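Here is the structure we will look at.
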Amino acid sequence: MTAEPHDSQLSADLARLRCSAGVKWSRFPADVLPCWIADMDLPTAPVVRDALSALVERGDFGYHFQAASAIPATFSRWMAERHGWWPNESHVRVFCDVLQAVDLALWLGTQPGDGVVLLTPVYPPFFECITGIGRRVVDCPLDPAGWRIDAARLEACIDDRTTALLLCSPHNPTGRVFTREELSAVAEVAERHDLLVISDEIWADVVFSGSHHTPFASLSGAAEARTITAAAASKTFNMAGLRCAVAHIGVSEIERRIAELPAHLLGAAGSPGAIATHIAWTEGGPWVDETIVFLEAQRDHLMARLAAELPGVGATTPEATYLAWLDLRAYDLGDDPAGWLLANAKVALGPGPDFGEHGRGFARLNFATTRALLDEAVDRIIAALEGR
Ligand SMILES: Cc1ncc(COP(=O)(O)O)c(C=O)c1O
């Protein structure tokens, strides 16, 4: 018997993806569909692949300092073209990854015991970035009705030992693109309480039609002067394994302290990552535009299926990212519905409680996969929930 078109597409997708080297497809047994970590199931842009293939073809892996030194200017141009903010390239530094820049900013910009605000639920490693160096998480929940920032609540969360805000903008896991008004209200609170702002904008480019990312540092000169902006091409171009990121250091005192560190303490991006990032930010724009159209169609398809077939799942349509934050509390699956779905639907989602205590009863689904795989994941979730 010949397979249905859907089945043959699914088999082809699975055959291709199960050969991936990355953790997304290797952590779970072969009967599990991985929709968890934020890697896409699409190959990166052809311009990036061509640049890396040429490097491999030549066996060209010697010292290549020029690759990384070109990135600050490339990043500034990319931000100006795509987000209307032209950061001064002399304040942009290259890092191995975004969390390295976040750790460094927290380490240099806060003191042991200081409070650092997180707008929760939020990207899980942020908690460890704060507590791992003896700082305190100040948990400020987003408004669950639409995941807006409530500036009054933010202000109420701040005590006299709170010295920083670690912002994720656009927001993982809710997919919110905070508006200029919301961010301006945050900037006013930061100004009043003299907070260091670390703005992780790794998702800035994956924004769907109708929304516009506002770089926090672009709000005003005063906002820029208290902000470290971290970014990378890794989410947009699906190349997190290449390890290359940047940070714009708007805070002169932190800039000064970084300059005092031993020259090699922070390491350096490898040349494949730096070359890929440079090419992505100079020639990858058309591919990003096409990919966003694809991701937006995936998002719309997922939301339509959830609304029609699983109305008990609460999900705000993400305005950015390729992540859907699913409220499964109506199904009574306990604090960690992802654990239940892994066992019963053979679909791996991001466990809600990892995103903070307000993530209980939620799970995060990565929809940056093929249509056949997304449908298979949704079919499995529906079958498991209906068969309880
Ligand atoms: C908000 C956010 N920040 C940082 C990262 C990780 O970035 P990196 O691997 O460059 O540390 C991710 C990965 O998904 C993320 O969603």
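All residue names refer to the structure tokens as shown: chains lettered A, B, ... in order, residues numbered from 1 in each chain, ligands numbered from 1 in order.
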Practice task
Would you mind listing the residues within 7 Å of ligand 1, counting only C-alpha atoms and all ligand atoms, as a list in words?
Solution key: Ile37, Ala38, Asp97, Val98, Leu99, Gln100, Tyr123, Cys168, His171, Asn172, Asp200, Ile202, Trp203, Ala232, Ser234, Lys235, Ala240, Arg243, Cys244 and Ala245 of chain A
Okay, now the selection with C-alpha atoms, as an mmCIF file, in the first residue's frame?
```cif
data_model
loop_
_atom_site.group_PDB
_atom_site.id
_atom_site.type_symbol
_atom_site.label_atom_id
_atom_site.label_comp_id
_atom_site.auth_asym_id
_atom_site.auth_seq_id
_atom_site.Cartn_x
_atom_site.Cartn_y
_atom_site.Cartn_z
ATOM 1 C CA ILE A 37 14.314 23.619 22.680
ATOM 2 C CA ALA A 38 14.315 26.763 20.495
ATOM 3 C CA ASP A 97 26.787 33.600 23.286
ATOM 4 C CA VAL A 98 24.039 35.769 24.686
ATOM 5 C CA LEU A 99 24.093 34.238 28.144
ATOM 6 C CA GLN A 100 27.796 35.035 28.472
ATOM 7 C CA TYR A 123 13.405 31.922 29.619
ATOM 8 C CA CYS A 168 13.542 39.422 27.500
ATOM 9 C CA HIS A 171 9.451 37.756 25.158
ATOM 10 C CA ASN A 172 10.165 34.048 25.461
ATOM 11 C CA ASP A 200 18.053 40.278 25.851
ATOM 12 C CA ILE A 202 17.851 37.696 20.718
ATOM 13 C CA TRP A 203 14.293 37.351 19.299
ATOM 14 C CA ALA A 232 22.681 37.315 18.173
ATOM 15 C CA SER A 234 21.438 32.506 16.236
ATOM 16 C CA LYS A 235 17.638 32.287 16.741
ATOM 17 C CA ALA A 240 22.871 28.466 17.854
ATOM 18 C CA ARG A 243 28.307 30.300 19.244
ATOM 19 C CA CYS A 244 28.528 33.960 18.367
ATOM 20 C CA ALA A 245 26.649 36.891 19.914
#
```
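The gap separating atom CA of A:Gly115 from atom CA of A:Leu183 is 20.1 Å, in Å to one decimal.
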Handout entry: Test item, alpha helix (DSSP H) assignment across stretch 130-341 of chain A, answer as JSON, numbers by chain
Key = {"A": [130, 131, 151, 152, 153, 154, 155, 156, 157, 180, 181, 182, 183, 184, 185, 186, 187, 188, 189, 190, 191, 192, 221, 222, 223, 224, 225, 234, 235, 236, 237, 252, 253, 254, 255, 256, 257, 258, 259, 260, 271, 272, 273, 274, 275, 276, 277, 278, 279, 280, 281, 282, 283, 285, 286, 287, 288, 289, 290, 291, 292, 293, 294, 295, 296, 297, 298, 299, 300, 301, 302, 303, 304, 305, 306, 307, 308, 309, 337, 338, 339, 340, 341]}
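The list of residues with at least one atom within 9 Å of A:Ile228, based on only C-alpha atoms and without residues fewer than 3 positions apart in the same chain, reads Ala101, Val102, Ala105, Leu196, Val197, Ile198, Ser199, Asp200, Ala217, Glu224, Ala225, Ala247, His248, Ile249, Gly250, Val251 and Ile254 of chain A.
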Please produce an output containing C-alpha atoms for each residue in the selection, written as a compact mmCIF listing (two decimals), in the first residue's frame.
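Done, and the output landed in selection-v6.txt:
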```txt
# COMPACT_ATOMS: atom_id res chain seq x y z
CA ALA A 101 26.96 38.70 27.95
CA VAL A 102 24.04 38.48 30.40
CA ALA A 105 26.51 42.32 32.89
CA LEU A 196 20.62 48.55 35.36
CA VAL A 197 18.64 47.14 32.41
CA ILE A 198 19.92 44.05 30.64
CA SER A 199 17.79 43.66 27.55
CA ASP A 200 18.05 40.28 25.85
CA ALA A 217 18.18 51.35 24.33
CA GLU A 224 20.60 53.69 26.46
CA ALA A 225 22.97 54.84 29.20
CA ALA A 247 26.23 43.09 23.30
CA HIS A 248 25.91 46.83 23.10
CA ILE A 249 27.29 48.19 26.35
CA GLY A 250 25.49 51.44 26.98
CA VAL A 251 26.67 51.75 30.61
CA ILE A 254 30.46 48.52 32.89
```
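Distance-wise, atom CA of A:Phe294 and atom CA of A:Asp50 end up 21.8 Å apart.
Proximity ranking of A:Leu365, A:Ala259, A:Ala297, A:Ala276 relative to A:Ser53 places A:Ala276 first, based on only C-alpha atoms.
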Exercise for the section: Based on DSSP run over this structure's backbone, return all residues of stretch 51-289 of chain A in strand (DSSP E or B), as a VMD selection string. Expected result: chain A and resid 92 to 95 115 to 120 136 to 141 143 148 162 to 168 196 to 200 207 227 to 231 245 to 249
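For the pair atom CA of A:Ala363 and atom CA of A:Ala330, the separation is 12.7 Å.
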